[in-house]
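**Student:** My questions all concern the structure below.
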Amino acid sequence: MKSEKTKSTVLLTEEMKLPSKDSSVYDGAQLLIYEKELKKYGITFRKLADKAPVHKVTRSKLVTLAKKTSTDEDVLIHIKSKKRLPITLISLRYDITVKVLKTHKLYIMALIIAYSESIEPVINWIDEQC
């Protein structure tokens, strides 16, 4: 009886793995993971679409900023613990105005989450857009 439980546990954990990276199912699974992660921060895809910058230059600058900050441990710790963007820290460290950060904070947080969690379909889409 014990061996049957072990076998079923092994099968369940194997089934829960993500599909291979070359499939569209993998992309869909990654997007679901990203959506759940964004919800932890109060961000939905609708809010993100509404708050995304219109100008390509602005988007490009914010993507560059997000790439830099997604590897900054202080920024990531603050975001994960407080669920907020450390506006003052980023402003001082990366020489960007507080106004720009406040205006685009949802967009910046979503980008930082995508880069720090390595959500490949989102990263690929962002790179194509900028």
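Letters for chains follow the order of the structure tokens (A, B, ...), residue numbers begin at 1 for each chain, and ligand numbers begin at 1 in the order shown.
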Excluding same-chain residues fewer than 4 positions from stretch 59-68 of chain A, what lies within 8 Å of it counting only C-alpha atoms, as a list in words?
**Tutor:**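 Using only C-alpha atoms, the neighbours found are Ala52, Pro53, Val54, His55, Asp72, Tyr94, Ile108, Met109, Leu111, Ile112, Tyr115, Ile126 and Cys130 of chain A.
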**Student:** Excluding stretch 77-87 of chain A and its own-chain neighbours fewer than 4 positions away, which residues fall within 8 Å of it when counting only C-alpha atoms? Please give them as an mmCIF file with N, CA and C atoms, in the first residue's frame.
**Tutor:**
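This went into out39.cif:
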```cif
data_model
loop_
_atom_site.group_PDB
_atom_site.id
_atom_site.type_symbol
_atom_site.label_atom_id
_atom_site.label_comp_id
_atom_site.auth_asym_id
_atom_site.auth_seq_id
_atom_site.Cartn_x
_atom_site.Cartn_y
_atom_site.Cartn_z
ATOM 1 N N LYS A 40 -0.436 39.609 -6.786
ATOM 2 C CA LYS A 40 0.110 39.794 -5.436
ATOM 3 C C LYS A 40 0.411 41.267 -5.155
ATOM 4 N N TYR A 41 0.668 42.017 -6.227
ATOM 5 C CA TYR A 41 1.028 43.431 -6.100
ATOM 6 C C TYR A 41 -0.133 44.350 -6.479
ATOM 7 N N GLU A 73 19.474 43.999 -5.702
ATOM 8 C CA GLU A 73 18.918 43.278 -4.543
ATOM 9 C C GLU A 73 18.119 44.182 -3.610
ATOM 10 N N SER A 91 15.055 56.604 -7.680
ATOM 11 C CA SER A 91 15.322 57.954 -8.168
ATOM 12 C C SER A 91 16.766 58.372 -7.894
ATOM 13 N N VAL A 98 11.340 61.620 -9.779
ATOM 14 C CA VAL A 98 10.275 61.030 -8.966
ATOM 15 C C VAL A 98 8.962 61.070 -9.732
ATOM 16 N N LEU A 101 8.707 58.178 -12.113
ATOM 17 C CA LEU A 101 8.511 56.934 -11.362
ATOM 18 C C LEU A 101 7.085 56.816 -10.838
ATOM 19 N N LYS A 102 6.551 57.900 -10.311
ATOM 20 C CA LYS A 102 5.180 57.861 -9.788
ATOM 21 C C LYS A 102 4.160 57.675 -10.909
ATOM 22 N N LYS A 105 4.616 53.838 -12.174
ATOM 23 C CA LYS A 105 5.031 52.842 -11.179
ATOM 24 C C LYS A 105 4.469 51.448 -11.441
ATOM 25 N N MET A 109 6.910 48.300 -12.127
ATOM 26 C CA MET A 109 6.853 47.107 -11.263
ATOM 27 C C MET A 109 6.582 45.857 -12.071
#
```
**Student:** Grab the atom CA of A:Ser70 to atom CA of A:Asp50 distance for me, in Å with one decimal place.
**Tutor:**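 Atom-to-atom, atom CA of A:Ser70 and atom CA of A:Asp50 are spaced 22.6 Å apart.
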**Student:** Would you work out the distance separating atom CA of A:Arg46 from atom CA of A:Leu89, expressed in Å to one decimal?
**Tutor:** 27.5 Å
**Student:** Pick the closest to A:Glu35 from A:Val75, A:Ile123, A:Ile113, A:Val100: which is it, counting only C-alpha atoms?
**Tutor:**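 When distances to A:Glu35 are compared using only C-alpha atoms, the smallest one comes from A:Ile113.
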**Student:** For A:Ile119, work out the shell of residues within 8 Å, counting only C-alpha atoms and skipping chain neighbours fewer than 6 positions away, then give it as a ChimeraX atom specification.
**Tutor:** /A:30-31,34
**Student:** Would you output that residue set with all heavy atoms, as a PDB file, in the first residue's frame?
**Tutor:**
```pdb
ATOM      1  N   GLN A  30       3.528  30.147 -18.441  1.00  0.00           N
ATOM      2  CA  GLN A  30       4.343  31.261 -17.952  1.00  0.00           C
ATOM      3  C   GLN A  30       3.493  32.515 -17.756  1.00  0.00           C
ATOM      4  O   GLN A  30       3.664  33.229 -16.771  1.00  0.00           O
ATOM      5  CB  GLN A  30       5.478  31.559 -18.945  1.00  0.00           C
ATOM      6  CG  GLN A  30       6.601  30.570 -18.920  1.00  0.00           C
ATOM      7  CD  GLN A  30       7.532  30.837 -17.774  1.00  0.00           C
ATOM      8  OE1 GLN A  30       8.193  31.862 -17.733  1.00  0.00           O
ATOM      9  NE2 GLN A  30       7.588  29.927 -16.827  1.00  0.00           N
ATOM     10  N   LEU A  31       2.572  32.763 -18.668  1.00  0.00           N
ATOM     11  CA  LEU A  31       1.699  33.936 -18.543  1.00  0.00           C
ATOM     12  C   LEU A  31       0.763  33.808 -17.345  1.00  0.00           C
ATOM     13  O   LEU A  31       0.481  34.803 -16.669  1.00  0.00           O
ATOM     14  CB  LEU A  31       0.904  34.161 -19.826  1.00  0.00           C
ATOM     15  CG  LEU A  31       1.724  34.659 -21.009  1.00  0.00           C
ATOM     16  CD1 LEU A  31       0.876  34.708 -22.272  1.00  0.00           C
ATOM     17  CD2 LEU A  31       2.343  36.011 -20.732  1.00  0.00           C
ATOM     18  N   TYR A  34       2.833  34.621 -14.367  1.00  0.00           N
ATOM     19  CA  TYR A  34       3.051  36.067 -14.339  1.00  0.00           C
ATOM     20  C   TYR A  34       1.803  36.799 -13.838  1.00  0.00           C
ATOM     21  O   TYR A  34       1.898  37.710 -13.015  1.00  0.00           O
ATOM     22  CB  TYR A  34       3.437  36.541 -15.744  1.00  0.00           C
ATOM     23  CG  TYR A  34       3.787  38.004 -15.854  1.00  0.00           C
ATOM     24  CD1 TYR A  34       4.782  38.570 -15.064  1.00  0.00           C
ATOM     25  CD2 TYR A  34       3.149  38.817 -16.773  1.00  0.00           C
ATOM     26  CE1 TYR A  34       5.116  39.906 -15.178  1.00  0.00           C
ATOM     27  CE2 TYR A  34       3.481  40.154 -16.905  1.00  0.00           C
ATOM     28  CZ  TYR A  34       4.468  40.692 -16.108  1.00  0.00           C
ATOM     29  OH  TYR A  34       4.805  42.022 -16.223  1.00  0.00           O
TER      30      TYR A  34
END
```
**Student:** Mind giving me the straight-line distance from atom CA of A:Lys47 to atom CA of A:His104 in Å, one decimal?
**Tutor:**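 Distance between the two atoms: 11.4 Å.
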**Student:** Which one is closest to A:Tyr107: A:Val57, A:Leu32, A:Leu48, A:Leu38? Count only C-alpha atoms.
**Tutor:** A:Leu48
**Student:** Write out as number ranges by chain the set of residues from chain A that DSSP, computed on the backbone, places in alpha helix (DSSP H).
**Tutor:** A: 2-15, 24-40, 45-51, 56-69, 73-82, 87-94, 98-103, 105-116, 120-129
